[in-house]
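Notes for the one structure printed next.
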Amino acid sequence: MALSRSARRSSRWLALATAVASAATIAAAPAATPGAPGIGDPYFPGLGNGGYRPLHYDLGVSYHPDSGRLDGRTTLTARATQDLSSFDLDLQKLTVDQVRVDGRPARFSRTGDELVIRPGRPLARGERFAVTVVYHGVPQPLSGPIVFGSQYGWMKTKDGVFVACEPNAASTWFPSSDHPDEKATYDIRIDAPKGLTGVSNGRLVGSGEHGDRAWFHWRESRPMAPYLATATIGKFDVRTGTTPGGTPIYVATDPTLPTGKVDVYGVTAAATDYWSKVFGPYPFEETGAIVDDMPQAGFSLEVQSKPAYSAVRNESTIVHELAHQWFGDSVSVRQWKDIWLNEGFATYAQWLWAEHKGTATAHDAFRKAYQGIPADDAFWKIKVSDPQRDTMFSDAVYERGAMTLQALRERIGDRAFFRLLPAWTARHRYGNADTADFIALAEKISGQRLGDLFHTWLDTQSRPVLSER
């Protein structure tokens, strides 16, 4: 079909007008900007990163125990939440050899513990991208007052390494957005000398040997906070099977540790099944434990799917760490100040376990704990709802957090309380939540106004008055 002269003239004017309008639109479009170096947690302002959401880590580490050297290659798949000119990853101390974004070389620089990456072209909001970082070095554990004065993170053992990273040590061994509000799924591949076993999160999907090295490929298909990732390496006796309730179980135990104190496999299986009845379905593909000879670490940690125990272990500790699979791992804090939602719940689980075993009621455990701490003790000065960074793992966060739950149970009654626990883990499964979310759900399920109770037990800095009963 041909156009007349006037039609052609109109067409040229229309094309010109469209081009001008398009240019104006382009000129008005917002420019790409750098992502924030942190997500705004007041306890750890530099942790996490703005401008994108992590989706999946494909993480490979090759460890050499004699020298302590780690060679790593991490590919993070993420989605941009803004137009990005650059973005950050958290990485402490290790040397970066190469960075690629979507397979193309990218410029990078270091600012303290921030790895700043500038891709070859800006990333558009909503765009999915992959950043690969090749790095090496000797990871160093962190220390200080936060974790009971203990070292934590990547800790050398006599035959390998014990990896337990709460709250901020994941970035000592792999580049990440190192905050619990930045969850992703993981493939973790461990390369180590033959004769050692590499244990990580989720299910073992492959293993083998090549020359004098052994490799292990683990897959965590459920979202996980970075601090819950592990790549613990050593000589282990491994026992696998399923719990009576049908959950796969994997327990790795250092053979040099004395036996007979506690049946780690048996208690892990029993507690996994019992908590599945009380807290809701087990949230992960596998349960288990890593029991290593690491006396320098004065703690155990709720590593996702396989809590890590540093030689100091008993039945009560095991049920505590397994309760964290629901409270802390599946449902994670939105900010670290809400840590009582992890530790108070896991401590209360110890009281529930004693009640389940018939050795003591949670009511009696509550009264005993309360009466054992004088009113003028510094314990009562900690504000549990915001305990501050260096005291975030203080006894008050654990025990007063548990007291809060027993006080709640006695206020709303067992029927509402034991509806609340699985409702909480179902509503926020694989996500993040805060204290206000918990209070709102407790009020909805109980039909009561509960602000005064939570204020008394979480916010006040004195010993609450306890009614006689």
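Going through the structure tokens in order, the chains are called A, B, and so on, while each chain numbers its residues from 1 and the ligands are numbered from 1 in the order shown.
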
Surrounding residues of segment 328-337 of chain A excluding itself and chain neighbours under 2 positions, 7 Å, only C-alpha atoms, as number ranges by chain: A: 41, 43, 180-181, 224, 283, 304, 324-326, 339, 342, 385-388, 425, 428-434

Ala407 of chain A surroundings by only C-alpha atoms, 10 Å radius, close-in-sequence under 5 positions cut, as number ranges by chain: A: 363, 366, 401-402, 412-413, 453-454, 457, 466

Long-range neighbours of Asp159 of chain A as a count of residues only, 9 Å cut-off, only C-alpha atoms, 2 positions minimum in chain: 9

With only C-alpha atoms as the counted atoms, please give the residues lying no more than 12 Å from Phe236 of chain A, apart from itself and same-chain residues fewer than 5 positions off, as a JSON list (two decimals) with N, CA and C atoms, in the first residue's frame.
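What landed in out_11.json:
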```json
[["chain", "number", "residue", "atom", "x", "y", "z"],
["A", 159, "ASP", "N", 42.75, -31.78, 62.81],
["A", 159, "ASP", "CA", 42.72, -32.51, 61.54],
["A", 159, "ASP", "C", 41.90, -31.81, 60.46],
["A", 160, "GLY", "N", 41.47, -30.60, 60.70],
["A", 160, "GLY", "CA", 40.67, -29.92, 59.68],
["A", 160, "GLY", "C", 40.20, -28.56, 60.15],
["A", 161, "VAL", "N", 38.87, -28.36, 60.10],
["A", 161, "VAL", "CA", 38.33, -27.06, 60.47],
["A", 161, "VAL", "C", 36.89, -27.23, 60.96],
["A", 195, "GLY", "N", 40.82, -39.00, 53.06],
["A", 195, "GLY", "CA", 40.79, -39.46, 54.44],
["A", 195, "GLY", "C", 40.00, -38.55, 55.35],
["A", 196, "LEU", "N", 39.73, -37.32, 54.89],
["A", 196, "LEU", "CA", 38.90, -36.39, 55.64],
["A", 196, "LEU", "C", 37.51, -36.35, 55.02],
["A", 197, "THR", "N", 36.54, -35.94, 55.81],
["A", 197, "THR", "CA", 35.16, -35.82, 55.36],
["A", 197, "THR", "C", 34.74, -34.36, 55.44],
["A", 198, "GLY", "N", 34.11, -33.87, 54.40],
["A", 198, "GLY", "CA", 33.56, -32.52, 54.40],
["A", 198, "GLY", "C", 32.06, -32.58, 54.64],
["A", 199, "VAL", "N", 31.58, -31.88, 55.67],
["A", 199, "VAL", "CA", 30.17, -31.94, 56.05],
["A", 199, "VAL", "C", 29.56, -30.55, 55.93],
["A", 250, "TYR", "N", 21.76, -37.60, 59.37],
["A", 250, "TYR", "CA", 23.19, -37.75, 59.09],
["A", 250, "TYR", "C", 23.94, -37.20, 60.31],
["A", 251, "VAL", "N", 24.67, -38.07, 60.99],
["A", 251, "VAL", "CA", 25.43, -37.66, 62.18],
["A", 251, "VAL", "C", 26.91, -37.98, 61.96],
["A", 252, "ALA", "N", 27.75, -36.94, 62.04],
["A", 252, "ALA", "CA", 29.20, -37.09, 61.89],
["A", 252, "ALA", "C", 29.84, -36.80, 63.24],
["A", 253, "THR", "N", 30.62, -37.78, 63.76],
["A", 253, "THR", "CA", 31.22, -37.65, 65.08],
["A", 253, "THR", "C", 32.72, -37.87, 65.00],
["A", 254, "ASP", "N", 33.47, -36.99, 65.63],
["A", 254, "ASP", "CA", 34.92, -37.14, 65.72],
["A", 254, "ASP", "C", 35.22, -38.40, 66.54],
["A", 255, "PRO", "N", 35.93, -39.38, 65.96],
["A", 255, "PRO", "CA", 36.16, -40.65, 66.66],
["A", 255, "PRO", "C", 37.07, -40.53, 67.87],
["A", 256, "THR", "N", 37.79, -39.41, 68.01],
["A", 256, "THR", "CA", 38.68, -39.26, 69.16],
["A", 256, "THR", "C", 37.95, -38.81, 70.42],
["A", 257, "LEU", "N", 36.69, -38.41, 70.28],
["A", 257, "LEU", "CA", 35.93, -37.97, 71.45],
["A", 257, "LEU", "C", 35.47, -39.17, 72.27],
["A", 289, "ALA", "N", 23.73, -34.01, 62.96],
["A", 289, "ALA", "CA", 24.65, -33.36, 63.90],
["A", 289, "ALA", "C", 26.07, -33.47, 63.38],
["A", 290, "ILE", "N", 26.89, -32.49, 63.77],
["A", 290, "ILE", "CA", 28.34, -32.53, 63.56],
["A", 290, "ILE", "C", 28.96, -32.39, 64.95],
["A", 291, "VAL", "N", 29.66, -33.42, 65.39],
["A", 291, "VAL", "CA", 30.25, -33.42, 66.73],
["A", 291, "VAL", "C", 31.76, -33.49, 66.56],
["A", 292, "ASP", "N", 32.43, -32.38, 66.85],
["A", 292, "ASP", "CA", 33.86, -32.27, 66.58],
["A", 292, "ASP", "C", 34.62, -31.97, 67.85],
["A", 293, "ASP", "N", 35.90, -32.34, 67.86],
["A", 293, "ASP", "CA", 36.77, -32.06, 69.00],
["A", 293, "ASP", "C", 37.31, -30.65, 68.86]]
```

Long-range neighbours of Gly46 of chain A as a list in words, 12 Å cut-off, only C-alpha atoms, 6 positions minimum in chain: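 Answer for this query is Ala36, Pro37, Gly38, Ile39, Gly40, Asp88, Leu89, Asp90, Leu91, Gln92, Thr111, Gly112, Asp113, Glu114, Leu115, Asn168, Ser171, Ser176, Ser177, Asp178 and His179 of chain A.
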
DSSP-assigned helix (DSSP H, G or I) members of segment 188-397 of chain A, reported as a PyMOL selection string: chain A and resi 226-228+264-278+315-323+336-338+340-357+362-371+378-381+389-391+395-397

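Closest to Ser305 of chain A among A:Leu322, A:Leu123, A:Val96, A:Ala436 is A:Leu322, based on only C-alpha atoms.
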
Point-to-point distance in Å for atom CA of Pro34 of chain A and atom CA of Arg107 of chain A: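 Calculated distance between atom CA of Arg107 of chain A and atom CA of Pro34 of chain A is 13.6 Å.
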
Computed interatomic separation between atom CA of Thr172 of chain A and atom CA of Gly298 of chain A (Å):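 Atom CA of Gly298 of chain A lies at a distance of 19.1 Å from atom CA of Thr172 of chain A.
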
Pick from A:Phe279, A:Phe284, A:Trp340, A:Tyr135, whichever lies nearest to Phe417 of chain A using only C-alpha atoms: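 Looking only at the distances to Phe417 of chain A, the closest residue turns out to be A:Phe279.
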
Distance criterion (only C-alpha atoms): nearest to Ala229 of chain A out of A:Gly35, A:Gly280, A:Pro167, A:Pro145: A:Pro167

Option closest in space to Asp97 of chain A, from A:Pro422, A:Gly120, A:Gly68, A:Gly137 [counting only C-alpha atoms]: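 Closest candidate: A:Gly137.
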
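All residues of protein, DNA or RNA that reach within 7 Å of Thr74 of chain A, judged by only C-alpha atoms and not counting those fewer than 3 positions away in the chain, are Tyr57, Asp58, Leu59, Gly60, Thr132, Val133, Val134 and Phe174 of chain A.
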
Test item: residues at most 8 Å from Gly153 of chain A, only C-alpha atoms, excluding those fewer than 2 positions along its chain, as a ChimeraX atom specification: /A:140-142,151,155,162-166,169-170,172

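Take atom CA of Thr185 of chain A and atom CA of Phe327 of chain A: the distance between them is 18.2 Å.
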
DSSP-assigned strand (DSSP E) members of segment 264-376 of chain A, reported as a list in words: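 Answer for segment 264-376 of chain A restricted to strand (DSSP E) is Thr287, Gly288, Ala289, Ile290, Val291, Ala308, Tyr309, Ser332 and Val333 of chain A.
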
Which residue of A:Ala423, A:Gln296, A:Ser446, A:Gln406 approaches Tyr152 of chain A most closely, using only C-alpha atoms: A:Gln296

Given only C-alpha atoms as the counted atoms, nearest of A:Asn201, A:Ser462, A:Ala31, A:Leu441 to Arg427 of chain A: A:Leu441
